[in-house]
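The next block holds one structure in the form of structure tokens; read it before the comments.
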Amino acid sequence: MGSTRLPGKVMKTLFGKTVLAHVVERVKACGLIDLVVVATTTSSMDEAIRDEAGRLGAGCFRGSELDVLDRYYRAAKEYGADTVIRITSDCPLMDPELLCGMVERFNRMRDEGTRVDYLSNVRTRTYPRGLDVEVFTFHALERAYKEAGKEYEREHVTPYINTHPEIFSLHEVKSDEDFSGYRWTLDTEDDFRLIEEIYKALYVEGRIFRTDEALALMKRRPELRELNAHVEQKKLGE
């Protein structure tokens, strides 16, 4: 709730549901997920998120506001996670098919004896920002928790893992085509305007629209991209 650029963003209403509800619904659409946990803060303003998580049938863990790595680690430990999947709650276009495909690949690699500590589609961006998926072992998270010392490494969960390929076995998933110029995450009012337009065109209650439908819409209506093309993503440490 304490977002600096768009306070309360995950509780904004988007076609009758909160942004958080859409994200949880899309994550649950992947049948390979055992449990969805909302990891929020102990701030009193985030009681609304705790209540919404309960209403959605998701677990909830409340921890540090600034040390997000600590919050993630403690949430994973409390819920007994072996594999941790990180989805940010400000991405209501998150793709369940992409998520399932990445979890399947992660599990298959481990079953085949390939060492994989971390798998993501964010190290080399080819997907729209807002479809970010990171899959990693609890062991990798625990090591990052114990060893990460820089402020930005504590604030953003996975930078320590990503910047230490000599420690962790890192793997990537890339799209056949580069769509990284599209911004489908929610940080500003202009981001919300774009997401609303996409939902207006594609959303039907009880049905989760696919990424290829959203991409086709963006190609048909190139003016949509201009709604938030000027928005810059915050850099680590900002």
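Here, A, B, ... name the chains of the structure tokens in the order displayed, residue numbers run from 1 inside each chain, and ligands are numbered from 1 in the same displayed order.
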
So which residues touch stretch 209-213 of chain A within 8 Å, counting only C-alpha atoms, skipping near sequence neighbours fewer than 4 positions away, as an MDAnalysis selection string? chainID A and resid 93 95 202:204 217

All residues 6 Å or closer to stretch 102-117 of chain A, only C-alpha atoms, same chain fewer than 3 positions away omitted, as a compact mmCIF listing (two decimals) with N, CA and C atoms, in the first residue's frame:
# COMPACT_ATOMS: atom_id res chain seq x y z
N LEU A 99 3.84 -19.19 -16.77
CA LEU A 99 4.21 -19.63 -15.43
C LEU A 99 4.30 -21.16 -15.37
N PHE A 136 13.00 -20.39 -8.09
CA PHE A 136 14.29 -20.71 -7.48
C PHE A 136 14.11 -21.65 -6.29
N THR A 137 15.20 -22.28 -5.90
CA THR A 137 15.13 -23.22 -4.78
C THR A 137 15.13 -22.46 -3.46
N PHE A 168 25.60 -19.68 -8.00
CA PHE A 168 24.31 -20.25 -8.36
C PHE A 168 24.27 -20.67 -9.82
N SER A 169 23.51 -21.72 -10.10
CA SER A 169 23.29 -22.16 -11.48
C SER A 169 22.07 -21.43 -12.02

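Straight-line separation from atom CA of A:Leu6 to atom CA of A:Thr88: 14.9 Å.
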
Go through stretch 85-129 of chain A residue by residue and, counting only C-alpha atoms, keep those with an atom at most 12 Å from stretch 9-28 of chain A; for each kept residue give the shortest atom pair and its distance in Å to one decimal, ordered by chain and increasing number, as a tab-separated table.
residue	atom	partner	partner_atom	distance
A:Ile85	CA	A:Val27	CA	10.0
A:Arg86	CA	A:Val27	CA	10.5
A:Ile87	CA	A:Val27	CA	8.3
A:Thr88	CA	A:Val23	CA	8.4
A:Ser89	CA	A:Leu20	CA	5.8
A:Asp90	CA	A:Val10	CA	5.8
A:Cys91	CA	A:Val23	CA	6.5
A:Pro92	CA	A:Val23	CA	4.9
A:Leu93	CA	A:Val23	CA	7.5
A:Met94	CA	A:Arg26	CA	6.5
A:Asp95	CA	A:Arg26	CA	6.9
A:Pro96	CA	A:Arg26	CA	5.7
A:Glu97	CA	A:Arg26	CA	9.4
A:Leu98	CA	A:Val27	CA	10.4
A:Leu99	CA	A:Val27	CA	7.8
A:Cys100	CA	A:Val27	CA	9.1
A:Val103	CA	A:Val27	CA	11.8

Output file for the residues above (C-alpha atoms, as a PDB file, in the first residue's frame):
ATOM      1  CA  ILE A  85       8.064 -18.763  -7.391  1.00  0.00           C
ATOM      2  CA  ARG A  86       8.243 -15.005  -7.254  1.00  0.00           C
ATOM      3  CA  ILE A  87       5.405 -13.062  -8.876  1.00  0.00           C
ATOM      4  CA  THR A  88       5.039  -9.363  -8.106  1.00  0.00           C
ATOM      5  CA  SER A  89       1.530  -8.324  -7.110  1.00  0.00           C
ATOM      6  CA  ASP A  90       1.393  -5.306  -9.423  1.00  0.00           C
ATOM      7  CA  CYS A  91       1.213  -7.409 -12.617  1.00  0.00           C
ATOM      8  CA  PRO A  92      -2.462  -8.162 -13.428  1.00  0.00           C
ATOM      9  CA  LEU A  93      -1.563  -9.452 -16.918  1.00  0.00           C
ATOM     10  CA  MET A  94       0.610 -12.236 -15.502  1.00  0.00           C
ATOM     11  CA  ASP A  95       0.481 -15.270 -17.817  1.00  0.00           C
ATOM     12  CA  PRO A  96      -0.526 -18.628 -16.228  1.00  0.00           C
ATOM     13  CA  GLU A  97       0.621 -20.564 -19.307  1.00  0.00           C
ATOM     14  CA  LEU A  98       4.076 -18.989 -19.177  1.00  0.00           C
ATOM     15  CA  LEU A  99       4.212 -19.631 -15.432  1.00  0.00           C
ATOM     16  CA  CYS A 100       3.265 -23.301 -15.826  1.00  0.00           C
ATOM     17  CA  VAL A 103       7.685 -24.447 -13.511  1.00  0.00           C
TER      18      VAL A 103
END

Enumerate as a PyMOL selection string all residues of stretch 8-199 of chain A assigned to alpha helix (DSSP H) by DSSP on the backbone, naming them with the chain letters and numbers the document uses. chain A and resi 19-28+47-55+68-78+96-111+138-147+151-155+159-162+189-199

Pairwise distance for atom CA of A:Glu147 and atom CA of A:Ile33, rounded to one decimal in Å: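 Between atom CA of A:Glu147 and atom CA of A:Ile33 the gap works out to 28.1 Å.
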
Tell me, counting only C-alpha atoms, for each residue of stretch 120-169 of chain A within 10 Å of stretch 181-194 of chain A, which pair of atoms is nearest and how far apart they are in Å to one decimal, in rows ordered by chain and increasing number, as JSON lines.
{"residue": "A:Arg125", "atom": "CA", "partner": "A:Gly181", "partner_atom": "CA", "distance": 9.1}
{"residue": "A:Thr126", "atom": "CA", "partner": "A:Gly181", "partner_atom": "CA", "distance": 8.4}
{"residue": "A:Tyr127", "atom": "CA", "partner": "A:Tyr182", "partner_atom": "CA", "distance": 8.0}
{"residue": "A:Pro128", "atom": "CA", "partner": "A:Tyr182", "partner_atom": "CA", "distance": 4.8}
{"residue": "A:Arg129", "atom": "CA", "partner": "A:Arg183", "partner_atom": "CA", "distance": 4.9}
{"residue": "A:Gly130", "atom": "CA", "partner": "A:Thr185", "partner_atom": "CA", "distance": 4.3}
{"residue": "A:Leu131", "atom": "CA", "partner": "A:Trp184", "partner_atom": "CA", "distance": 7.5}
{"residue": "A:Asp132", "atom": "CA", "partner": "A:Thr185", "partner_atom": "CA", "distance": 9.3}

As a PyMOL selection string, please: all residues of stretch 30-176 of chain A that backbone DSSP puts in strand (DSSP E or B). chain A and resi 37-41+59-63+83-86+118-120+129+134-137+170-172

Write a file of the selected residues as a PDB file, in the first residue's frame, keeping N, CA and C atoms.
ATOM      1  N   VAL A  37       0.974 -17.483  -1.597  1.00  0.00           N
ATOM      2  CA  VAL A  37       1.163 -16.728  -0.362  1.00  0.00           C
ATOM      3  C   VAL A  37       1.427 -15.266  -0.709  1.00  0.00           C
ATOM      4  N   VAL A  38       0.676 -14.365  -0.117  1.00  0.00           N
ATOM      5  CA  VAL A  38       0.918 -12.940  -0.274  1.00  0.00           C
ATOM      6  C   VAL A  38       1.872 -12.506   0.838  1.00  0.00           C
ATOM      7  N   ALA A  39       3.047 -12.027   0.449  1.00  0.00           N
ATOM      8  CA  ALA A  39       4.060 -11.608   1.428  1.00  0.00           C
ATOM      9  C   ALA A  39       4.042 -10.086   1.533  1.00  0.00           C
ATOM     10  N   THR A  40       3.345  -9.588   2.522  1.00  0.00           N
ATOM     11  CA  THR A  40       3.217  -8.144   2.681  1.00  0.00           C
ATOM     12  C   THR A  40       3.953  -7.691   3.948  1.00  0.00           C
ATOM     13  N   THR A  41       3.715  -6.471   4.375  1.00  0.00           N
ATOM     14  CA  THR A  41       4.487  -5.905   5.484  1.00  0.00           C
ATOM     15  C   THR A  41       3.660  -5.845   6.765  1.00  0.00           C
ATOM     16  N   GLY A  59      -2.568 -17.714   1.307  1.00  0.00           N
ATOM     17  CA  GLY A  59      -1.843 -17.537   2.547  1.00  0.00           C
ATOM     18  C   GLY A  59      -1.347 -16.105   2.647  1.00  0.00           C
ATOM     19  N   CYS A  60      -0.954 -15.700   3.834  1.00  0.00           N
ATOM     20  CA  CYS A  60      -0.420 -14.349   4.011  1.00  0.00           C
ATOM     21  C   CYS A  60       0.687 -14.374   5.051  1.00  0.00           C
ATOM     22  N   PHE A  61       1.791 -13.733   4.707  1.00  0.00           N
ATOM     23  CA  PHE A  61       2.882 -13.568   5.651  1.00  0.00           C
ATOM     24  C   PHE A  61       3.185 -12.079   5.734  1.00  0.00           C
ATOM     25  N   ARG A  62       3.410 -11.577   6.959  1.00  0.00           N
ATOM     26  CA  ARG A  62       3.710 -10.167   7.150  1.00  0.00           C
ATOM     27  C   ARG A  62       5.100 -10.039   7.748  1.00  0.00           C
ATOM     28  N   GLY A  63       5.935  -9.242   7.092  1.00  0.00           N
ATOM     29  CA  GLY A  63       7.307  -9.090   7.538  1.00  0.00           C
ATOM     30  C   GLY A  63       7.838  -7.696   7.281  1.00  0.00           C
ATOM     31  N   THR A  83      10.389 -25.162  -3.537  1.00  0.00           N
ATOM     32  CA  THR A  83      10.588 -24.309  -4.701  1.00  0.00           C
ATOM     33  C   THR A  83       9.782 -23.032  -4.494  1.00  0.00           C
ATOM     34  N   VAL A  84      10.413 -21.897  -4.724  1.00  0.00           N
ATOM     35  CA  VAL A  84       9.769 -20.601  -4.534  1.00  0.00           C
ATOM     36  C   VAL A  84       9.564 -19.960  -5.902  1.00  0.00           C
ATOM     37  N   ILE A  85       8.368 -19.471  -6.142  1.00  0.00           N
ATOM     38  CA  ILE A  85       8.064 -18.763  -7.391  1.00  0.00           C
ATOM     39  C   ILE A  85       7.724 -17.332  -7.031  1.00  0.00           C
ATOM     40  N   ARG A  86       8.466 -16.413  -7.577  1.00  0.00           N
ATOM     41  CA  ARG A  86       8.243 -15.005  -7.254  1.00  0.00           C
ATOM     42  C   ARG A  86       7.435 -14.335  -8.362  1.00  0.00           C
ATOM     43  N   TYR A 118      18.064 -21.370 -10.169  1.00  0.00           N
ATOM     44  CA  TYR A 118      17.242 -20.186 -10.481  1.00  0.00           C
ATOM     45  C   TYR A 118      16.911 -20.214 -11.970  1.00  0.00           C
ATOM     46  N   LEU A 119      15.640 -19.986 -12.284  1.00  0.00           N
ATOM     47  CA  LEU A 119      15.174 -19.910 -13.666  1.00  0.00           C
ATOM     48  C   LEU A 119      14.258 -18.705 -13.778  1.00  0.00           C
ATOM     49  N   SER A 120      14.495 -17.852 -14.780  1.00  0.00           N
ATOM     50  CA  SER A 120      13.635 -16.675 -14.915  1.00  0.00           C
ATOM     51  C   SER A 120      13.564 -16.222 -16.370  1.00  0.00           C
ATOM     52  N   ARG A 129       7.381  -6.286 -19.789  1.00  0.00           N
ATOM     53  CA  ARG A 129       7.545  -6.105 -18.345  1.00  0.00           C
ATOM     54  C   ARG A 129       6.164  -6.189 -17.703  1.00  0.00           C
ATOM     55  N   GLU A 134      10.082 -15.637 -11.674  1.00  0.00           N
ATOM     56  CA  GLU A 134      11.348 -16.149 -11.162  1.00  0.00           C
ATOM     57  C   GLU A 134      11.057 -17.404 -10.349  1.00  0.00           C
ATOM     58  N   VAL A 135      11.753 -18.490 -10.674  1.00  0.00           N
ATOM     59  CA  VAL A 135      11.592 -19.763  -9.985  1.00  0.00           C
ATOM     60  C   VAL A 135      12.951 -20.127  -9.390  1.00  0.00           C
ATOM     61  N   PHE A 136      13.001 -20.394  -8.087  1.00  0.00           N
ATOM     62  CA  PHE A 136      14.294 -20.711  -7.482  1.00  0.00           C
ATOM     63  C   PHE A 136      14.110 -21.646  -6.294  1.00  0.00           C
ATOM     64  N   THR A 137      15.197 -22.279  -5.904  1.00  0.00           N
ATOM     65  CA  THR A 137      15.134 -23.216  -4.783  1.00  0.00           C
ATOM     66  C   THR A 137      15.134 -22.461  -3.463  1.00  0.00           C
ATOM     67  N   LEU A 170      22.292 -20.479 -12.933  1.00  0.00           N
ATOM     68  CA  LEU A 170      21.244 -19.590 -13.426  1.00  0.00           C
ATOM     69  C   LEU A 170      20.808 -19.991 -14.832  1.00  0.00           C
ATOM     70  N   HIS A 171      19.505 -20.030 -15.070  1.00  0.00           N
ATOM     71  CA  HIS A 171      18.966 -20.411 -16.377  1.00  0.00           C
ATOM     72  C   HIS A 171      17.906 -19.398 -16.798  1.00  0.00           C
ATOM     73  N   GLU A 172      17.721 -19.289 -18.119  1.00  0.00           N
ATOM     74  CA  GLU A 172      16.830 -18.271 -18.671  1.00  0.00           C
ATOM     75  C   GLU A 172      15.770 -18.879 -19.572  1.00  0.00           C
TER      76      GLU A 172
END
